[in-house]
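What follows is a short report on a single structure.
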Amino acid sequence: MIQGTTSDAGKSTLVAGLCRALARRGVAVAPFKPQNMALNSAVTVDGGEIGRSQYLQAQAARVVATTDLNPVLLKPSSDIGAQVIVHGHAVAAMNAGDYHHYKTQALAAVLESHARLVAGYERVLVEGAGSPAEINLREGDIANMGFAEAADCPVVLVADIDKGGVFAQLVGTLALLSETEAARVAGFVINRFRGDIALLQPGLDWLEAYTGKPVLGVLPYLTGLHLDAEDAIATGQAAREAALVVQVPVTPRISNHTDFDALRAHDKVDLQFVGPGMTPGPADLIVLAGSKNTRADCDWLREAGWVARIKRHLRYGGKVLGICGGYQMLGQTVADPDGIEDTPGTTAGLALFDLSTRLDATKHLQNVTGEVATGGAVAGYRIHCGVTTGVDLGRPFLNLADGPDGAISADGQVAGTYLHGLFDTGSGCDAVLAWAGLADAGSLDQDTRREASLERLADAVEAAIDLAALP
């Protein structure tokens with residue numbers, strides 16, 4: 001099991017790198033994360049929903065992604081509540097207190113999935129969540145040492161040296177574990193190191209002498225990796241010269257922002273995630289992303305001035321695209337009479353489409369293929385609650401294998417779709433960017449970028465870590 005001293009220490013990346021390194025040596029390996037809290041997710045072959053990082057790790061391991069890879073997924077809909085997904089399907093919306101009492105049932109689901117993986121693979125690489133040293137979360141833990149103890153699993157602790165204080169991270173985390181938990185830690189991996197490792201060696205020697213545990217490897221800082229983010233989102237990137245400027249408002253409950261990974265890597269696109277308090281400049285395309293709380297995020301757009309900005313943007317000839325929850329916001333209303341995402345009620349949309357959406361308890365989970373109405377193949381997935389109806393569905397934006405999807409306005413300036421992964425295929429990305437104003441985009445398949453990054457990551461893992469020394 002790979003656990004981290006902090007969130008974003010590199011657990012997901014290390015597991016992905018180890019999965020690919022072992023897979024290309026012919027080892028049947030599977031990734032596993034007992035509990036994931038993230039708003040980036042994917043649809044599995046068995047028709048469920050898992051965290052996006054486990055979907056990536058499955059690709060790294062060269063195995064088909066199933067719901068067993070991430071049996072418990074928490075998707076926050078507010079600061080104190082989340083949708084709880086078990087074995088790929090939503091079971092309830094719970095606040096933190098309710099979920100704490102539910103953990104016994106959740107652990108049973110976790111151990112059930114883990115047992116199936118252990119029976120089916122030579123190696124299972126488990127990813128922890130956050131840090132095992134969060135004292136307030138120790139009771140009933142199923143994500144870190146609680147799982148490791150229940151499954152009798154050895155642990156490797158990873159720390160990010162780029163954050164600073166790496167030795168304090170490792171020693172402090174170890175000190176806050178119980179005696180049996182600390183005994184499970186088989187060694188350390190230091191992540192994101194820059195510079196001459198000879199200058200780090202005295203610290204490594206001290207750490208091994210002080211803790212009695214080995215440093216299993218030091219991974220270098222790798223720039224330019226195109227890997228799906230688990231949940232973090234980077235705002236405030238420096239603007240760069242590009243043929244097309246795309247802006248994405250970062251709403252409080254933005255989800256599946258991995259939709260934009262292909263644009264972030266595109267050499268002709270300046271993708272700007274615009275966070276709260278930031279003042280965006282001109283853009284060619286504004287995209288409203290998915291949301292775990294569509295009505296609240298729509299209200300936030302109004303309060304933050306985005307609705308007025310979008311209407312001004314359209315008057316000057318710009319394009320607007322909505323994906324999933326963002327597509328629902330483009331209609332007349334979003335109704336949630338049963339309180340599926342939040343308190344029951346109806347919220348006015350941006351009224352850019354003659355469409356309305358009613359949220360319901362059924363979550364639509366499909367992997368789909370098709371093409372943009374103007375040409376260009378697409379492949380992706382749907383993860384959404386609710387049904388959208390209205391006359392503008394007569395002008396679909398996509399034609400998918402199971403029928404038309406989304407809408408495009410009569411003047412061609414506004415489009416919406418339920419498809420996640422719209423930009424991931426080269427021809428589909430080219431078609432959408434051409435609609436937005438960029439001809440001859442020459443887009444690459446995102447899968448091609450991802451594969452190159454996984455191979456590069458595995459090379460770095462193999463160079464830095466003696467795989468035979470892993471427990």
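Identifiers in this document derive from the order of the structure tokens: chains are assigned A, B, ..., residues are numbered from 1 separately in each chain, and ligands are numbered from 1 in order of occurrence.
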
Output as a tab-separated table one row per residue of stretch 276-384 of chain A within 12 Å of stretch 446-467 of chain A: the closest atom pair and its distance in Å to one decimal place, counting only C-alpha atoms, sorted by chain and residue number ascending.
```
residue	atom	partner	partner_atom	distance
A:Val378	CA	A:Gln446	CA	11.5
A:Ala379	CA	A:Gln446	CA	11.0
A:Gly380	CA	A:Gln446	CA	11.4
```

Given the selection you just returned, output its residues as a file containing C-alpha atoms, formatted as a CSV table (one decimal), in the first residue's frame.
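Ended up saving to again-v8.csv:
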```
chain,number,residue,atom,x,y,z
A,378,VAL,CA,-15.8,11.3,-30.3
A,379,ALA,CA,-15.6,8.7,-27.5
A,380,GLY,CA,-16.3,9.3,-23.9
```

Stretch 115-130 of chain A environment, 6 Å, only C-alpha atoms, sequence neighbours closer than 5 positions dropped, as a tab-separated table (two decimals) with N, CA and C atoms, in the first residue's frame:
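Wrote out-v4.tsv, looks like this:
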```
chain	number	residue	atom	x	y	z
A	1	MET	N	0.84	-1.20	0.00
A	1	MET	CA	0.00	0.00	0.00
A	1	MET	C	0.88	1.24	0.00
A	2	ILE	N	0.53	2.20	-0.87
A	2	ILE	CA	1.23	3.48	-0.95
A	2	ILE	C	0.41	4.51	-0.17
A	3	GLN	N	0.97	5.01	0.93
A	3	GLN	CA	0.34	6.08	1.68
A	3	GLN	C	1.22	7.33	1.59
A	6	THR	N	0.99	13.70	2.96
A	6	THR	CA	0.03	14.78	2.72
A	6	THR	C	-0.83	14.41	1.52
A	7	SER	N	-1.89	15.17	1.30
A	7	SER	CA	-2.57	15.11	0.02
A	7	SER	C	-1.60	15.62	-1.05
A	28	ALA	N	0.85	-9.59	-13.58
A	28	ALA	CA	-0.58	-9.27	-13.55
A	28	ALA	C	-0.84	-8.41	-12.31
A	29	VAL	N	-1.03	-7.12	-12.52
A	29	VAL	CA	-1.12	-6.17	-11.42
A	29	VAL	C	-2.41	-5.36	-11.54
A	30	ALA	N	-2.99	-5.02	-10.40
A	30	ALA	CA	-4.21	-4.20	-10.38
A	30	ALA	C	-4.06	-3.09	-9.36
A	31	PRO	N	-4.56	-1.89	-9.67
A	31	PRO	CA	-4.60	-0.80	-8.68
A	31	PRO	C	-5.84	-0.92	-7.82
A	32	PHE	N	-5.80	-0.29	-6.65
A	32	PHE	CA	-6.94	-0.35	-5.74
A	32	PHE	C	-6.90	0.86	-4.82
A	33	LYS	N	-8.03	1.53	-4.67
A	33	LYS	CA	-8.15	2.61	-3.69
A	33	LYS	C	-9.41	2.36	-2.89
A	143	ALA	N	-9.48	4.22	4.85
A	143	ALA	CA	-8.74	4.72	3.69
A	143	ALA	C	-7.24	4.54	3.80
A	144	ASN	N	-6.71	4.47	5.01
A	144	ASN	CA	-5.26	4.40	5.20
A	144	ASN	C	-4.90	3.22	6.10
```

For A:Asp360, list every protein, DNA or RNA residue within 7 Å, evaluated using only C-alpha atoms, and leave out those in the same chain fewer than 5 positions away; present the list as a VMD selection string.
chain A and resid 340 385 to 386

Go through stretch 243-340 of chain A residue by residue and, counting only C-alpha atoms, keep those with an atom at most 7 Å from stretch 71-93 of chain A; for each kept residue give the shortest atom pair and its distance in Å to one decimal, ordered by chain and increasing number, as a tab-separated table.
```
residue	atom	partner	partner_atom	distance
A:Arg253	CA	A:Ser77	CA	6.7
A:Lys292	CA	A:Ser77	CA	5.5
A:Asn293	CA	A:Ser77	CA	5.6
```

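With atom CA of A:Ala38 on one side and atom CA of A:Ser178 on the other, the separation reads 27.7 Å.
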
Taking the DSSP assignment computed from this structure's backbone, write out as a compact mmCIF listing (two decimals) with N, CA and C atoms, in the first residue's frame all residues of stretch 186-280 of chain A that belong to alpha helix (DSSP H).
```
# COMPACT_ATOMS: atom_id res chain seq x y z
N ILE A 197 21.44 14.56 -6.38
CA ILE A 197 21.03 13.69 -5.29
C ILE A 197 22.14 13.49 -4.27
N ALA A 198 23.39 13.73 -4.66
CA ALA A 198 24.49 13.60 -3.71
C ALA A 198 24.33 14.58 -2.55
N LEU A 199 23.71 15.72 -2.83
CA LEU A 199 23.49 16.71 -1.77
C LEU A 199 22.39 16.28 -0.82
N LEU A 200 21.53 15.37 -1.27
CA LEU A 200 20.45 14.86 -0.43
C LEU A 200 20.90 13.67 0.42
N GLN A 201 21.97 13.02 0.00
CA GLN A 201 22.36 11.76 0.61
C GLN A 201 22.57 11.83 2.13
N PRO A 202 23.20 12.89 2.67
CA PRO A 202 23.34 12.94 4.14
C PRO A 202 21.99 12.90 4.86
N GLY A 203 21.00 13.54 4.28
CA GLY A 203 19.66 13.50 4.88
C GLY A 203 19.05 12.12 4.80
N LEU A 204 19.26 11.43 3.69
CA LEU A 204 18.73 10.07 3.55
C LEU A 204 19.39 9.13 4.56
N ASP A 205 20.70 9.29 4.73
CA ASP A 205 21.42 8.46 5.70
C ASP A 205 20.88 8.70 7.12
N TRP A 206 20.66 9.97 7.44
CA TRP A 206 20.12 10.31 8.77
C TRP A 206 18.74 9.70 8.96
N LEU A 207 17.90 9.83 7.95
CA LEU A 207 16.53 9.33 8.04
C LEU A 207 16.52 7.83 8.29
N GLU A 208 17.34 7.09 7.56
CA GLU A 208 17.39 5.65 7.74
C GLU A 208 17.90 5.28 9.13
N ALA A 209 18.93 6.01 9.59
CA ALA A 209 19.47 5.71 10.93
C ALA A 209 18.47 6.07 12.02
N TYR A 210 17.76 7.18 11.86
CA TYR A 210 16.83 7.65 12.89
C TYR A 210 15.60 6.76 13.00
N THR A 211 15.07 6.32 11.85
CA THR A 211 13.81 5.55 11.85
C THR A 211 14.03 4.04 11.80
N ASP A 261 -8.05 18.31 -20.07
CA ASP A 261 -6.63 17.96 -20.12
C ASP A 261 -6.07 18.06 -21.53
N ALA A 262 -6.85 17.63 -22.51
CA ALA A 262 -6.37 17.68 -23.90
C ALA A 262 -6.15 19.12 -24.36
N LEU A 263 -7.00 20.04 -23.90
CA LEU A 263 -6.83 21.44 -24.27
C LEU A 263 -5.65 22.07 -23.55
N ARG A 264 -5.43 21.66 -22.30
CA ARG A 264 -4.31 22.20 -21.53
C ARG A 264 -2.98 21.83 -22.19
```

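Every protein or nucleic acid residue with an atom no more than 7 Å from A:Ile408, counting only C-alpha atoms and leaving out same-chain residues fewer than 2 positions away, appears here: Arg395, Pro396, Phe397, Ala410, Gly412, Val414, Ala415 and Gly416 of chain A.
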
Saved selection, atoms kept: N, CA and C atoms, as a PDB file, in the first residue's frame:
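What ended up in part_14.pdb:
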```
ATOM      1  N   ARG A 395     -31.900  20.244 -32.466  1.00  0.00           N
ATOM      2  CA  ARG A 395     -30.618  20.568 -33.116  1.00  0.00           C
ATOM      3  C   ARG A 395     -29.492  19.960 -32.271  1.00  0.00           C
ATOM      4  N   PRO A 396     -29.252  18.654 -32.352  1.00  0.00           N
ATOM      5  CA  PRO A 396     -28.238  18.017 -31.502  1.00  0.00           C
ATOM      6  C   PRO A 396     -26.825  18.485 -31.854  1.00  0.00           C
ATOM      7  N   PHE A 397     -25.977  18.541 -30.832  1.00  0.00           N
ATOM      8  CA  PHE A 397     -24.568  18.895 -31.032  1.00  0.00           C
ATOM      9  C   PHE A 397     -23.748  17.677 -31.414  1.00  0.00           C
ATOM     10  N   ALA A 410     -29.616  28.080 -32.683  1.00  0.00           N
ATOM     11  CA  ALA A 410     -29.923  28.361 -34.087  1.00  0.00           C
ATOM     12  C   ALA A 410     -28.848  29.216 -34.738  1.00  0.00           C
ATOM     13  N   GLY A 412     -25.705  29.107 -33.893  1.00  0.00           N
ATOM     14  CA  GLY A 412     -24.448  28.376 -33.858  1.00  0.00           C
ATOM     15  C   GLY A 412     -23.453  28.843 -32.825  1.00  0.00           C
ATOM     16  N   VAL A 414     -23.886  28.807 -29.331  1.00  0.00           N
ATOM     17  CA  VAL A 414     -23.959  28.124 -28.037  1.00  0.00           C
ATOM     18  C   VAL A 414     -24.182  26.633 -28.277  1.00  0.00           C
ATOM     19  N   ALA A 415     -23.435  25.802 -27.564  1.00  0.00           N
ATOM     20  CA  ALA A 415     -23.588  24.353 -27.699  1.00  0.00           C
ATOM     21  C   ALA A 415     -23.521  23.726 -26.317  1.00  0.00           C
ATOM     22  N   GLY A 416     -24.125  22.551 -26.205  1.00  0.00           N
ATOM     23  CA  GLY A 416     -24.088  21.827 -24.941  1.00  0.00           C
ATOM     24  C   GLY A 416     -24.146  20.333 -25.181  1.00  0.00           C
TER      25      GLY A 416
END
```

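The smallest atom-to-atom distance between A:Val274 and any of A:Leu438, A:Ile286, A:Cys19, A:Val248, using only C-alpha atoms, is found for A:Val248.
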
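Contact shell of A:Thr333 at 9 Å (only C-alpha atoms; same-chain neighbours under 5 positions omitted): Gln328, Thr346, Thr347, Ala348, Gly349, Leu350, Ala351, Leu355, Ser356, Thr357 and Arg358 of chain A.
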
Need to verify the contact set: A:Ser291, 9 Å, only C-alpha atoms, exclusion of same-chain residues closer than 5 positions in sequence. Can you return it as a short mmCIF file (atom, residue, chain, number, x, y, z; two decimals) with N, CA and C atoms, in the first residue's frame?
```
data_model
loop_
_atom_site.label_atom_id
_atom_site.label_comp_id
_atom_site.auth_asym_id
_atom_site.auth_seq_id
_atom_site.Cartn_x
_atom_site.Cartn_y
_atom_site.Cartn_z
N LEU A 39 -14.20 14.61 -7.31
CA LEU A 39 -15.27 14.95 -8.25
C LEU A 39 -14.89 14.64 -9.69
N SER A 77 -20.98 17.37 -2.39
CA SER A 77 -21.96 18.29 -2.98
C SER A 77 -22.07 19.58 -2.17
N THR A 251 -16.12 26.82 -10.69
CA THR A 251 -17.22 26.93 -9.73
C THR A 251 -16.89 26.11 -8.48
N PRO A 252 -17.58 26.35 -7.38
CA PRO A 252 -17.25 25.64 -6.12
C PRO A 252 -17.34 24.12 -6.22
N ARG A 253 -18.26 23.58 -7.03
CA ARG A 253 -18.43 22.13 -7.13
C ARG A 253 -18.14 21.62 -8.54
N ILE A 254 -17.15 22.24 -9.18
CA ILE A 254 -16.76 21.80 -10.53
C ILE A 254 -16.36 20.33 -10.48
N SER A 255 -16.77 19.57 -11.50
CA SER A 255 -16.44 18.15 -11.54
C SER A 255 -15.94 17.76 -12.92
N ASN A 256 -15.21 16.67 -12.96
CA ASN A 256 -14.68 16.12 -14.21
C ASN A 256 -13.95 17.16 -15.05
N ASP A 297 -24.02 25.99 -8.21
CA ASP A 297 -22.97 26.54 -9.07
C ASP A 297 -23.53 27.55 -10.07
N CYS A 324 -22.25 18.60 -19.47
CA CYS A 324 -22.95 17.96 -18.36
C CYS A 324 -23.71 19.00 -17.52
N GLY A 325 -23.30 19.22 -16.27
CA GLY A 325 -23.99 20.22 -15.46
C GLY A 325 -23.95 21.59 -16.10
N GLY A 326 -22.85 21.93 -16.77
CA GLY A 326 -22.76 23.19 -17.48
C GLY A 326 -23.77 23.29 -18.61
#
```

Excluding A:Asp440 and its own-chain neighbours fewer than 2 positions away, which residues fall within 10 Å of it when counting only C-alpha atoms? Please give them as number ranges by chain.
A: 268, 430-431, 433-434, 437-438, 442-443

Write the selection just made, keeping C-alpha atoms, as a JSON list (two decimals), in the first residue's frame?
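Saved as result07.json:
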```json
[["chain", "number", "residue", "atom", "x", "y", "z"],
["A", 268, "LYS", "CA", -2.57, 26.09, -30.17],
["A", 430, "ASP", "CA", -10.53, 19.36, -34.18],
["A", 431, "ALA", "CA", -14.23, 19.58, -35.02],
["A", 433, "LEU", "CA", -12.21, 23.73, -32.00],
["A", 434, "ALA", "CA", -13.12, 24.52, -35.62],
["A", 437, "GLY", "CA", -12.88, 29.43, -34.39],
["A", 438, "LEU", "CA", -9.65, 27.44, -34.71],
["A", 442, "GLY", "CA", -4.09, 19.29, -35.59],
["A", 443, "SER", "CA", -5.16, 17.79, -32.25]]
```
